[in-house]
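File shown: run16.txt (compact mmCIF, C-alpha atoms and all ligand atoms).
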```txt
# COMPACT_ATOMS: atom_id res chain seq x y z
CA MET A 1 107.48 154.22 107.64
CA GLN A 2 107.08 155.49 111.18
CA HIS A 3 106.71 152.62 113.67
CA ASP A 4 104.58 154.13 116.35
CA ALA A 5 104.51 150.88 118.23
CA GLU A 6 106.58 148.19 119.80
CA ILE A 7 105.80 145.21 121.97
CA SER A 8 107.02 145.59 125.51
CA THR A 9 108.96 142.48 126.50
CA ASP A 10 107.84 143.09 130.11
CA THR A 11 104.39 141.90 129.19
CA GLN A 12 105.40 138.42 128.05
CA HIS A 13 106.48 136.59 131.18
CA GLY A 14 104.69 133.39 132.11
CA LEU A 15 103.76 132.26 128.60
CA ASP A 16 106.01 129.19 128.76
CA GLU A 17 104.05 127.63 131.61
CA PHE A 18 100.80 128.41 129.77
CA MET A 19 102.13 126.72 126.62
CA THR A 20 102.64 123.47 128.48
CA LYS A 21 99.34 123.68 130.36
CA VAL A 22 97.39 124.13 127.12
CA VAL A 23 98.89 120.96 125.65
CA HIS A 24 98.94 118.81 128.79
CA GLY A 25 97.03 118.95 132.01
CA SER A 26 93.53 117.93 133.06
CA GLU A 27 93.57 114.74 130.92
CA THR A 28 91.99 111.71 132.49
CA LEU A 29 93.06 109.42 129.63
CA ASN A 30 96.49 108.64 128.20
CA ALA A 31 95.47 109.35 124.60
CA SER A 32 96.74 111.74 121.92
CA ALA A 33 93.24 113.14 121.35
CA ILE A 34 89.98 113.16 123.30
CA PRO A 35 87.33 110.64 122.13
CA ILE A 36 84.04 111.95 120.74
CA TYR A 37 81.14 110.48 122.70
CA GLN A 38 78.28 111.11 120.31
CA ALA A 39 75.68 109.32 122.49
CA ASN A 40 72.54 111.15 123.65
CA SER A 41 72.81 109.34 126.94
CA ILE A 42 75.50 107.36 128.72
CA ASP A 43 74.36 105.11 131.56
CA GLN A 44 71.81 107.25 133.41
CA THR A 45 73.16 110.62 132.19
CA TYR A 46 71.41 112.59 129.45
CA ALA A 47 73.69 114.65 127.16
CA ARG A 48 71.90 117.93 127.94
CA HIS A 49 73.20 117.50 131.50
CA SER A 50 76.71 116.32 130.71
CA ASN A 51 78.86 114.58 128.12
CA PRO A 52 82.43 113.24 128.52
CA THR A 53 83.84 115.03 125.43
CA VAL A 54 82.35 118.36 126.54
CA ALA A 55 83.60 117.69 130.08
CA ALA A 56 87.16 117.12 128.77
CA LEU A 57 87.11 120.55 127.09
CA GLU A 58 85.72 122.10 130.28
CA ALA A 59 88.45 120.49 132.39
CA LYS A 60 91.15 121.91 130.17
CA ILE A 61 89.73 125.45 130.23
CA LEU A 62 89.31 125.29 134.00
CA HIS A 63 92.95 124.25 134.27
CA LEU A 64 93.93 127.34 132.23
CA GLU A 65 91.62 129.93 133.80
CA GLY A 66 91.61 128.94 137.45
CA GLY A 67 88.25 129.21 139.23
CA SER A 68 85.93 126.47 140.36
CA THR A 69 83.59 125.59 137.46
CA THR A 70 83.75 125.72 133.67
CA ILE A 71 80.64 125.28 131.52
CA ALA A 72 80.89 124.83 127.75
CA VAL A 73 77.91 125.92 125.65
CA ALA A 74 76.83 126.14 122.01
CA SER A 75 78.16 129.63 121.16
CA GLY A 76 79.53 132.82 122.65
CA MET A 77 75.99 134.23 122.72
CA ALA A 78 74.84 131.17 124.69
CA ALA A 79 77.73 131.80 127.11
CA VAL A 80 76.58 135.39 127.72
CA SER A 81 72.86 134.65 127.82
CA HIS A 82 73.18 131.59 130.12
CA THR A 83 75.41 133.59 132.50
CA LEU A 84 72.91 136.45 132.69
CA PHE A 85 69.73 134.31 132.74
CA GLY A 86 71.29 132.11 135.42
CA ASN A 87 72.24 134.97 137.74
CA LEU A 88 69.70 137.78 137.21
CA LYS A 89 65.99 138.09 137.88
CA GLN A 90 63.21 140.62 137.39
CA GLY A 91 63.93 143.90 139.22
CA ASP A 92 67.70 143.43 139.14
CA ARG A 93 70.10 146.02 137.82
CA LEU A 94 73.00 145.41 135.41
CA ILE A 95 75.70 147.95 134.48
CA VAL A 96 77.58 147.43 131.21
CA HIS A 97 80.36 149.24 129.35
CA LYS A 98 79.09 151.55 126.58
CA HIS A 99 80.95 149.55 123.90
CA ILE A 100 79.98 145.89 123.82
CA PHE A 101 79.50 143.30 121.08
CA PHE A 102 76.43 144.12 118.96
CA GLY A 103 74.68 140.77 119.65
CA VAL A 104 74.93 141.27 123.42
CA ARG A 105 73.53 144.80 123.08
CA VAL A 106 70.51 143.36 121.27
CA LEU A 107 70.17 140.61 123.91
CA LEU A 108 70.06 143.24 126.66
CA GLU A 109 67.80 145.72 124.87
CA ASP A 110 65.30 143.31 123.30
CA TYR A 111 65.13 140.64 126.01
CA PHE A 112 66.55 141.56 129.42
CA ARG A 113 65.00 145.05 129.50
CA SER A 114 61.61 143.64 128.54
CA PHE A 115 61.95 141.04 131.32
CA GLY A 116 62.24 143.88 133.85
CA ILE A 117 66.00 144.05 134.28
CA ASP A 118 67.38 147.58 134.44
CA VAL A 119 70.36 147.79 132.05
CA ILE A 120 72.59 150.87 132.27
CA ALA A 121 75.45 151.53 129.83
CA ILE A 122 78.29 153.73 131.09
CA ASP A 123 81.90 154.50 130.23
CA MET A 124 83.67 151.91 132.38
CA HIS A 125 86.91 153.92 132.14
CA ASP A 126 85.24 156.41 134.49
CA LEU A 127 85.64 154.70 137.87
CA GLU A 128 84.00 157.55 139.80
CA LEU A 129 80.92 157.29 137.60
CA LEU A 130 80.91 153.52 138.13
CA SER A 131 81.15 154.02 141.88
CA ARG A 132 78.25 156.53 141.85
CA CYS A 133 76.12 154.14 139.74
CA LEU A 134 76.79 151.29 142.17
CA GLU A 135 75.35 153.28 145.05
CA ILE A 136 72.00 152.06 143.73
CA PRO A 137 71.97 148.30 144.47
CA THR A 138 73.29 146.50 141.39
CA GLN A 139 73.55 142.74 140.99
CA ALA A 140 76.21 142.59 138.27
CA ILE A 141 78.44 144.51 135.91
CA TYR A 142 79.41 143.23 132.47
CA PHE A 143 82.12 144.33 130.05
CA GLU A 144 84.60 143.00 127.50
CA THR A 145 88.25 143.12 128.61
CA MET A 146 88.95 144.38 125.09
CA SER A 147 85.77 145.57 123.40
CA ASN A 148 84.56 144.53 119.96
CA PRO A 149 84.97 146.46 117.66
CA HIS A 150 86.33 149.59 119.42
CA LEU A 151 89.15 147.71 121.21
CA ASP A 152 88.71 149.64 124.47
CA VAL A 153 90.87 148.04 127.16
CA ILE A 154 89.19 148.18 130.56
CA ASP A 155 91.22 148.49 133.75
CA VAL A 156 89.89 145.18 135.03
CA PRO A 157 91.55 145.13 138.50
CA ALA A 158 90.42 148.71 139.20
CA VAL A 159 86.82 148.00 138.11
CA ILE A 160 86.78 144.83 140.23
CA GLU A 161 88.01 146.75 143.25
CA VAL A 162 85.14 149.24 142.92
CA ALA A 163 82.60 146.43 142.39
CA ARG A 164 83.87 144.57 145.47
CA ARG A 165 83.13 147.59 147.68
CA PHE A 166 79.46 147.26 146.71
CA GLY A 167 79.25 143.44 146.61
CA THR A 168 78.46 143.49 142.88
CA LEU A 169 79.27 140.47 140.70
CA VAL A 170 81.73 141.09 137.83
CA PHE A 171 81.10 139.25 134.55
CA VAL A 172 83.87 139.65 131.98
CA ASP A 173 83.95 138.69 128.29
CA ASN A 174 87.58 137.93 127.45
CA THR A 175 87.05 136.73 123.86
CA LEU A 176 89.45 139.17 122.19
CA LEU A 177 92.32 138.54 124.60
CA THR A 178 92.03 134.82 125.52
CA PRO A 179 93.55 133.37 128.70
CA CYS A 180 96.87 133.35 126.87
CA ILE A 181 97.05 137.17 127.15
CA PHE A 182 94.95 137.92 130.21
CA ARG A 183 93.22 135.85 132.93
CA PRO A 184 90.44 137.84 134.63
CA ILE A 185 89.77 135.32 137.42
CA ALA A 186 93.32 135.83 138.66
CA HIS A 187 92.31 139.50 139.15
CA GLY A 188 89.12 138.59 141.02
CA ALA A 189 86.47 138.49 138.25
CA ASP A 190 83.48 136.32 139.20
CA VAL A 191 82.83 134.97 135.71
CA VAL A 192 84.91 134.91 132.55
CA ILE A 193 83.21 134.29 129.21
CA HIS A 194 84.64 133.41 125.80
CA SER A 195 83.24 132.96 122.37
CA ALA A 196 85.34 129.84 121.70
CA THR A 197 84.27 130.23 118.07
CA LYS A 198 87.09 132.78 117.79
CA TYR A 199 90.68 132.37 119.02
CA LEU A 200 90.20 129.40 121.36
CA GLY A 201 89.05 127.12 118.52
CA GLY A 202 91.02 129.25 116.11
CA HIS A 203 90.21 127.62 112.77
CA GLY A 204 86.81 129.03 111.80
CA ASP A 205 85.23 125.58 111.89
CA ALA A 206 83.17 125.30 115.11
CA LEU A 207 80.88 127.54 117.16
CA GLY A 208 81.21 127.34 120.91
CA GLY A 209 81.11 129.30 124.14
CA ILE A 210 82.91 128.87 127.46
CA VAL A 211 82.05 130.22 130.90
CA THR A 212 84.30 129.85 133.94
CA ALA A 213 83.10 130.90 137.38
CA LYS A 214 85.33 131.77 140.31
CA ASP A 215 82.83 130.42 142.86
CA ALA A 216 80.90 127.18 142.56
CA SER A 217 77.59 128.80 143.58
CA VAL A 218 77.66 131.19 140.60
CA GLY A 219 78.90 128.40 138.30
CA GLU A 220 76.09 126.05 139.31
CA LYS A 221 73.47 128.65 138.34
CA ILE A 222 75.01 128.82 134.86
CA ARG A 223 75.20 125.03 134.62
CA LYS A 224 71.51 124.88 135.50
CA ALA A 225 70.75 127.52 132.86
CA ARG A 226 72.48 125.31 130.26
CA ARG A 227 70.45 122.31 131.36
CA ILE A 228 67.14 124.19 131.22
CA LEU A 229 67.67 126.77 128.44
CA GLY A 230 69.45 124.05 126.48
CA GLY A 231 72.37 125.81 124.76
CA VAL A 232 74.43 122.62 124.86
CA LEU A 233 77.73 122.28 122.99
CA SER A 234 77.82 119.33 120.59
CA PRO A 235 80.47 116.65 121.33
CA ALA A 236 81.90 117.07 117.81
CA ASN A 237 82.41 120.80 118.36
CA ALA A 238 83.88 120.16 121.83
CA TYR A 239 86.44 117.87 120.17
CA THR A 240 87.23 120.42 117.44
CA LEU A 241 87.60 123.29 119.93
CA GLU A 242 89.85 121.25 122.27
CA ARG A 243 92.04 120.31 119.34
CA GLY A 244 92.34 123.95 118.27
CA LEU A 245 93.08 125.08 121.81
CA LYS A 246 96.35 123.13 121.93
CA THR A 247 98.01 125.60 119.54
CA LEU A 248 96.48 128.76 121.06
CA PRO A 249 99.75 130.26 122.40
CA ILE A 250 101.70 129.96 119.17
CA ARG A 251 98.75 131.22 117.16
CA MET A 252 98.17 134.15 119.51
CA GLU A 253 101.81 135.19 119.36
CA ARG A 254 101.61 135.29 115.58
CA HIS A 255 98.17 136.98 115.45
CA CYS A 256 99.44 139.69 117.82
CA ASP A 257 102.80 140.19 116.09
CA ASN A 258 101.02 140.52 112.75
CA ALA A 259 98.42 142.89 114.19
CA MET A 260 101.18 145.12 115.53
CA LYS A 261 102.81 145.31 112.10
CA VAL A 262 99.49 145.97 110.34
CA ALA A 263 98.58 148.68 112.90
CA ALA A 264 101.97 150.36 112.42
CA PHE A 265 101.51 150.29 108.63
CA LEU A 266 97.97 151.67 108.76
CA SER A 267 98.79 154.39 111.29
CA GLY A 268 101.22 155.90 108.78
CA HIS A 269 98.81 155.71 105.83
CA ASP A 270 97.32 158.91 104.41
CA LYS A 271 93.95 157.28 103.58
CA VAL A 272 93.44 156.16 107.17
CA ARG A 273 92.08 158.73 109.60
CA GLU A 274 92.32 156.72 112.79
CA VAL A 275 93.78 153.41 113.92
CA LEU A 276 92.45 151.85 117.12
CA TYR A 277 95.07 149.46 118.46
CA PRO A 278 96.27 149.46 122.08
CA GLY A 279 99.79 148.50 121.01
CA LEU A 280 100.23 151.94 119.45
CA ARG A 281 101.84 154.41 121.82
CA SER A 282 99.29 156.99 120.67
CA SER A 283 96.42 154.83 121.97
CA PRO A 284 94.78 156.13 125.16
CA ASP A 285 94.72 152.50 126.36
CA HIS A 286 98.40 151.81 125.68
CA ASN A 287 99.83 152.21 129.20
CA ARG A 288 96.98 150.27 130.77
CA SER A 289 97.51 147.45 128.24
CA VAL A 290 101.24 147.27 128.96
CA ALA A 291 100.45 146.97 132.65
CA LEU A 292 97.80 144.27 132.23
CA MET A 293 98.46 142.19 129.16
CA ARG A 294 101.03 139.86 127.67
CA TYR A 295 100.31 141.08 124.13
CA PHE A 296 98.09 143.74 122.56
CA GLY A 297 95.71 141.41 120.74
CA GLY A 298 95.22 140.34 117.15
CA MET A 299 92.53 142.83 116.10
CA ILE A 300 92.90 146.29 114.58
CA SER A 301 90.02 148.71 114.00
CA ILE A 302 90.32 151.67 111.64
CA GLN A 303 88.37 154.55 110.21
CA PHE A 304 89.13 155.78 106.70
CA GLN A 305 89.49 159.39 105.60
CA PRO A 306 86.07 160.72 104.47
CA GLU A 307 86.93 160.50 100.74
CA VAL A 308 87.69 156.75 100.88
CA LYS A 309 84.85 154.53 99.64
CA ARG A 310 84.68 151.49 101.92
CA GLU A 311 83.01 149.38 99.23
CA THR A 312 85.86 150.10 96.77
CA PHE A 313 88.37 149.05 99.43
CA ALA A 314 86.42 145.87 100.15
CA LYS A 315 86.14 144.91 96.48
CA ALA A 316 89.86 145.48 95.91
CA LEU A 317 90.98 143.00 98.60
CA ARG A 318 92.47 139.85 97.04
CA MET A 319 93.81 137.76 99.93
CA CYS A 320 92.15 139.14 103.05
CA ARG A 321 88.65 137.71 103.32
CA LEU A 322 85.51 139.76 104.00
CA GLY A 323 83.72 138.01 106.82
CA TYR A 324 81.88 138.28 110.07
CA SER A 325 84.02 136.27 112.45
CA PHE A 326 87.60 136.70 113.69
CA GLY A 327 90.44 134.76 115.26
CA GLU A 328 90.79 132.52 112.20
CA PRO A 329 94.01 131.47 110.41
CA GLY A 330 93.29 133.93 107.58
CA THR A 331 92.99 137.71 107.86
CA VAL A 332 89.31 138.71 108.03
CA VAL A 333 87.98 142.22 107.32
CA LEU A 334 84.55 143.33 108.56
CA LEU A 335 82.56 146.34 107.37
CA GLN A 336 79.16 146.90 108.97
CA ASN A 337 76.48 149.44 108.14
CA TRP A 338 75.90 150.55 111.74
CA THR A 339 79.47 151.74 112.35
CA PRO A 340 82.17 153.57 110.38
CA VAL A 341 84.73 151.34 112.14
CA VAL A 342 86.36 148.72 109.87
CA ARG A 343 87.63 145.73 111.84
CA ILE A 344 90.63 143.69 110.76
CA SER A 345 91.43 140.34 112.37
CA ALA A 346 95.11 139.77 111.61
CA GLY A 347 95.64 136.21 110.43
CA LEU A 348 98.65 133.95 110.49
CA GLU A 349 99.91 134.79 106.99
CA ARG A 350 103.27 136.37 106.26
CA PRO A 351 102.86 139.97 107.52
CA GLU A 352 104.19 141.36 104.22
CA ASP A 353 101.34 139.61 102.39
CA ILE A 354 98.64 141.03 104.68
CA ILE A 355 100.11 144.53 104.43
CA GLY A 356 100.59 144.16 100.65
CA ASP A 357 96.91 143.26 100.14
CA LEU A 358 95.67 146.11 102.37
CA SER A 359 98.06 148.51 100.68
CA ASN A 360 96.84 147.57 97.18
CA ALA A 361 93.20 147.87 98.25
CA LEU A 362 93.86 151.32 99.74
CA ALA A 363 95.64 152.39 96.55
CA ALA A 364 92.49 151.47 94.59
CA CYS A 365 90.30 153.80 96.68
N1 LIG B 401 81.41 138.07 122.72
C1 LIG B 401 82.18 138.78 121.89
C2 LIG B 401 83.15 139.78 122.44
C3 LIG B 401 82.08 138.59 120.51
O1 LIG B 401 82.84 139.32 119.69
C4 LIG B 401 81.15 137.64 120.02
C5 LIG B 401 81.01 137.42 118.58
O2 LIG B 401 81.64 138.03 117.77
C6 LIG B 401 80.36 136.94 120.93
C7 LIG B 401 80.52 137.17 122.28
C8 LIG B 401 79.36 135.94 120.46
O3 LIG B 401 80.03 134.76 120.05
P1 LIG B 401 79.38 133.68 119.08
O4 LIG B 401 79.40 134.25 117.70
O5 LIG B 401 80.26 132.48 119.25
O6 LIG B 401 77.98 133.44 119.54
```
Just dump the structure as structure tokens.
Amino acid sequence: MQHDAEISTDTQHGLDEFMTKVVHGSETLNASAIPIYQANSIDQTYARHSNPTVAALEAKILHLEGGSTTIAVASGMAAVSHTLFGNLKQGDRLIVHKHIFFGVRVLLEDYFRSFGIDVIAIDMHDLELLSRCLEIPTQAIYFETMSNPHLDVIDVPAVIEVARRFGTLVFVDNTLLTPCIFRPIAHGADVVIHSATKYLGGHGDALGGIVTAKDASVGEKIRKARRILGGVLSPANAYTLERGLKTLPIRMERHCDNAMKVAAFLSGHDKVREVLYPGLRSSPDHNRSVALMRYFGGMISIQFQPEVKRETFAKALRMCRLGYSFGEPGTVVLLQNWTPVVRISAGLERPEDIIGDLSNALAAC
């Protein structure tokens, strides 16, 4: 088998410090786990405004991301919508990358456009186009550091440099990479968003969203949006997500190592037409990823050869689970009607077992 890919060791420095920070740091209590404060109000504080368990999760994420404010909310969609509702108003203009998570596309098309916000989708790889678009006053740009499901890797520092020239805010969704691989605020992003439902929690057992703002003024607008729009994270989910977070670095290492092996296997397979994975040297995003990231991520997207029936492949899987989410301990495969792209979230299993299951399913097609 031809291994088209290898992990550059240059990209891995600094993980040790992160591993300690994710376990320790930011605690206000000498306890082995954070308590769950289930109360709707404590003293004079109502839980829609703040809660100590949610605040403990926020303190830990802030410690990892840098920045001035972290706000935890009920889901990744709440994180995106509260950020945008908090910072945009009628008549504003928002530029987004052409490939973004489906739910956010619907949010922009069905809600923000109808509220009078001009939303323009462009190829964010094209910095000259971005610069031309920003000549018309634009309040914010939004993109995913690695897009779902196409796995485009954006040149975040370069985009931020262009945005700075025009005074435009930069909102970044870093769900697929996590702060373990890439920290956008260190590169000057104004807001970093995560669906904590995915890798941060990491066990497929709690929805959550996290927003960290570089400047307090932007962060306070998002905090107010949470208070008024009400997408509050439950204390039980805050506990579950904080518990999952402690093992993020070791999980991410394994997710990424497994993804690399799966991508290498699939890129040599005659029933697979295209493999999208930035760790592959053939990927147009490979060099940029080596320059920016500690690892290449745990997700692989593929397109089959035209003769392969996706449903036959799906039915033939025995271990890999068909499902909607990603970043879970088990490998999850997603097929959706609106795109020919099949997304694989590499789990923590033995890589031979993941590859064996995919290989058998492909043989059945
Ligand atoms: N952002 C990205 C990049 C996602 O992939 C998703 C969900 O898949 C979300 C946001 C929304 O997250 P949630 O499902 O937690 O609302």
Quiz prompt | Contacts of ligand LIG 401 (chain B), 8 Å or closer, all atoms listed in the file, given as a VMD selection string | solution = chain A and resid 74 to 80 100 to 101 103 to 104 144 146 to 149 173 to 176 193 to 198 207 to 209 324 to 326
Residue subset to file, keeping C-alpha atoms, as a PDB file, in the frame of the given file:
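File out.pdb, as written:
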```
ATOM      1  CA  ALA A  74      76.830 126.140 122.010  1.00  0.00           C
ATOM      2  CA  SER A  75      78.160 129.630 121.160  1.00  0.00           C
ATOM      3  CA  GLY A  76      79.530 132.820 122.650  1.00  0.00           C
ATOM      4  CA  MET A  77      75.990 134.230 122.720  1.00  0.00           C
ATOM      5  CA  ALA A  78      74.840 131.170 124.690  1.00  0.00           C
ATOM      6  CA  ALA A  79      77.730 131.800 127.110  1.00  0.00           C
ATOM      7  CA  VAL A  80      76.580 135.390 127.720  1.00  0.00           C
ATOM      8  CA  ILE A 100      79.980 145.890 123.820  1.00  0.00           C
ATOM      9  CA  PHE A 101      79.500 143.300 121.080  1.00  0.00           C
ATOM     10  CA  GLY A 103      74.680 140.770 119.650  1.00  0.00           C
ATOM     11  CA  VAL A 104      74.930 141.270 123.420  1.00  0.00           C
ATOM     12  CA  GLU A 144      84.600 143.000 127.500  1.00  0.00           C
ATOM     13  CA  MET A 146      88.950 144.380 125.090  1.00  0.00           C
ATOM     14  CA  SER A 147      85.770 145.570 123.400  1.00  0.00           C
ATOM     15  CA  ASN A 148      84.560 144.530 119.960  1.00  0.00           C
ATOM     16  CA  PRO A 149      84.970 146.460 117.660  1.00  0.00           C
ATOM     17  CA  ASP A 173      83.950 138.690 128.290  1.00  0.00           C
ATOM     18  CA  ASN A 174      87.580 137.930 127.450  1.00  0.00           C
ATOM     19  CA  THR A 175      87.050 136.730 123.860  1.00  0.00           C
ATOM     20  CA  LEU A 176      89.450 139.170 122.190  1.00  0.00           C
ATOM     21  CA  ILE A 193      83.210 134.290 129.210  1.00  0.00           C
ATOM     22  CA  HIS A 194      84.640 133.410 125.800  1.00  0.00           C
ATOM     23  CA  SER A 195      83.240 132.960 122.370  1.00  0.00           C
ATOM     24  CA  ALA A 196      85.340 129.840 121.700  1.00  0.00           C
ATOM     25  CA  THR A 197      84.270 130.230 118.070  1.00  0.00           C
ATOM     26  CA  LYS A 198      87.090 132.780 117.790  1.00  0.00           C
ATOM     27  CA  LEU A 207      80.880 127.540 117.160  1.00  0.00           C
ATOM     28  CA  GLY A 208      81.210 127.340 120.910  1.00  0.00           C
ATOM     29  CA  GLY A 209      81.110 129.300 124.140  1.00  0.00           C
ATOM     30  CA  TYR A 324      81.880 138.280 110.070  1.00  0.00           C
ATOM     31  CA  SER A 325      84.020 136.270 112.450  1.00  0.00           C
ATOM     32  CA  PHE A 326      87.600 136.700 113.690  1.00  0.00           C
TER      33      PHE A 326
END
```
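Pairwise distance (atom CA of Asn237 of chain A, atom CA of Asp257 of chain A) equals 28.2 Å.
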Quiz item: Please, which residues are within 12 Å of (94.5, 141.9, 129.9) by the file's coordinates, counting only C-alpha atoms, and could they come as a VMD selection string?
Solution: chain A and resid 11 to 12 144 to 147 151 to 157 172 to 187 278 285 to 297
When you look at segment 261-271 of chain A with a cut-off of 10 Å (counting only C-alpha atoms), what residues show up, excluding the ones that are within fewer than 6 positions of it in the same chain? I need them as an mmCIF file with C-alpha atoms, in the frame of the given file.
```
data_model
loop_
_atom_site.group_PDB
_atom_site.id
_atom_site.type_symbol
_atom_site.label_atom_id
_atom_site.label_comp_id
_atom_site.auth_asym_id
_atom_site.auth_seq_id
_atom_site.Cartn_x
_atom_site.Cartn_y
_atom_site.Cartn_z
ATOM 1 C CA MET A 1 107.480 154.220 107.640
ATOM 2 C CA GLN A 2 107.080 155.490 111.180
ATOM 3 C CA HIS A 3 106.710 152.620 113.670
ATOM 4 C CA ASP A 4 104.580 154.130 116.350
ATOM 5 C CA ALA A 5 104.510 150.880 118.230
ATOM 6 C CA GLU A 6 106.580 148.190 119.800
ATOM 7 C CA TYR A 277 95.070 149.460 118.460
ATOM 8 C CA PRO A 278 96.270 149.460 122.080
ATOM 9 C CA GLY A 279 99.790 148.500 121.010
ATOM 10 C CA LEU A 280 100.230 151.940 119.450
ATOM 11 C CA SER A 282 99.290 156.990 120.670
ATOM 12 C CA GLY A 298 95.220 140.340 117.150
ATOM 13 C CA MET A 299 92.530 142.830 116.100
ATOM 14 C CA ILE A 300 92.900 146.290 114.580
ATOM 15 C CA SER A 301 90.020 148.710 114.000
ATOM 16 C CA ILE A 302 90.320 151.670 111.640
ATOM 17 C CA GLN A 303 88.370 154.550 110.210
ATOM 18 C CA PHE A 304 89.130 155.780 106.700
ATOM 19 C CA GLN A 305 89.490 159.390 105.600
ATOM 20 C CA PRO A 306 86.070 160.720 104.470
ATOM 21 C CA GLU A 307 86.930 160.500 100.740
ATOM 22 C CA VAL A 308 87.690 156.750 100.880
ATOM 23 C CA ILE A 344 90.630 143.690 110.760
ATOM 24 C CA ALA A 346 95.110 139.770 111.610
ATOM 25 C CA PRO A 351 102.860 139.970 107.520
ATOM 26 C CA GLU A 352 104.190 141.360 104.220
ATOM 27 C CA ILE A 354 98.640 141.030 104.680
ATOM 28 C CA ILE A 355 100.110 144.530 104.430
ATOM 29 C CA GLY A 356 100.590 144.160 100.650
ATOM 30 C CA LEU A 358 95.670 146.110 102.370
ATOM 31 C CA SER A 359 98.060 148.510 100.680
ATOM 32 C CA LEU A 362 93.860 151.320 99.740
ATOM 33 C CA ALA A 363 95.640 152.390 96.550
ATOM 34 C CA CYS A 365 90.300 153.800 96.680
#
```
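Atom CA of Tyr111 of chain A is found 27.1 Å from atom CA of Arg343 of chain A.
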Output, as AutoDock Vina command-line options, the centre and edge lengths in Å (one decimal) of the axis-aligned box that contains all listed atoms of segment 152-166 of chain A with 6 Å of margin on each side.
```
--center_x 85.5 --center_y 147.1 --center_z 136.1 --size_x 24.1 --size_y 17.1 --size_z 35.2
```
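Interatomic distance, atom CA of Lys21 of chain A to atom CA of Gly66 of chain A: 11.7 Å.
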Practice problem: For Glu128 of chain A, list every protein, DNA or RNA residue within 12 Å, evaluated using all atoms listed in the file, and leave out those in the same chain fewer than 5 positions away; present the list as a PyMOL selection string. | Solution: chain A and resi 122-123+133-135+158-159+162-163
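When only C-alpha atoms are used to measure the gap to Ile117 of chain A, the shortest distance among A:Asn51, A:Ser345, A:Ser68, A:Gln90 belongs to A:Gln90.
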Practice problem: Find the residues around Leu241 of chain A up to 12 Å (only C-alpha atoms counted), leave out those fewer than 4 positions away in its own chain, and share them as a PyMOL selection string. | Solution: chain A and resi 33-34+36+53-54+56-58+60-61+72-75+195-210+233-237+245-248
Quiz item: So which residues touch Leu108 of chain A within 10 Å, counting only C-alpha atoms, skipping near sequence neighbours fewer than 5 positions away, as a ChimeraX atom specification?
Solution: /A:81,84,94,96,103,113-115,117-120
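With only C-alpha atoms as the atoms that count, the minimum distance from Phe313 of chain A to the choices A:Tyr37, A:Ala364, A:Lys89, A:Val192 is reached by A:Ala364.
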Kindly complete segment 52-60 of chain A to N, CA, C and O atoms; the output should be written as a compact mmCIF listing (two decimals), in the coordinates of the input.
```txt
# COMPACT_ATOMS: atom_id res chain seq x y z
N PRO A 52 80.99 113.35 128.20
CA PRO A 52 82.43 113.24 128.52
C PRO A 52 83.34 114.07 127.60
O PRO A 52 84.38 114.57 128.05
N THR A 53 82.98 114.23 126.33
CA THR A 53 83.84 115.03 125.43
C THR A 53 83.76 116.51 125.81
O THR A 53 84.78 117.22 125.88
N VAL A 54 82.54 116.97 126.10
CA VAL A 54 82.35 118.36 126.54
C VAL A 54 83.07 118.57 127.88
O VAL A 54 83.75 119.59 128.09
N ALA A 55 82.97 117.58 128.76
CA ALA A 55 83.60 117.69 130.08
C ALA A 55 85.13 117.76 129.95
O ALA A 55 85.79 118.45 130.74
N ALA A 56 85.70 117.07 128.96
CA ALA A 56 87.16 117.12 128.77
C ALA A 56 87.59 118.52 128.35
O ALA A 56 88.62 119.04 128.83
N LEU A 57 86.81 119.15 127.47
CA LEU A 57 87.11 120.55 127.09
C LEU A 57 86.99 121.46 128.31
O LEU A 57 87.85 122.32 128.56
N GLU A 58 85.93 121.26 129.08
CA GLU A 58 85.72 122.10 130.28
C GLU A 58 86.88 121.96 131.27
O GLU A 58 87.35 122.96 131.83
N ALA A 59 87.35 120.73 131.44
CA ALA A 59 88.45 120.49 132.39
C ALA A 59 89.71 121.23 131.95
O ALA A 59 90.43 121.80 132.76
N LYS A 60 89.94 121.23 130.65
CA LYS A 60 91.15 121.91 130.17
C LYS A 60 91.04 123.42 130.37
O LYS A 60 91.97 124.07 130.84
```
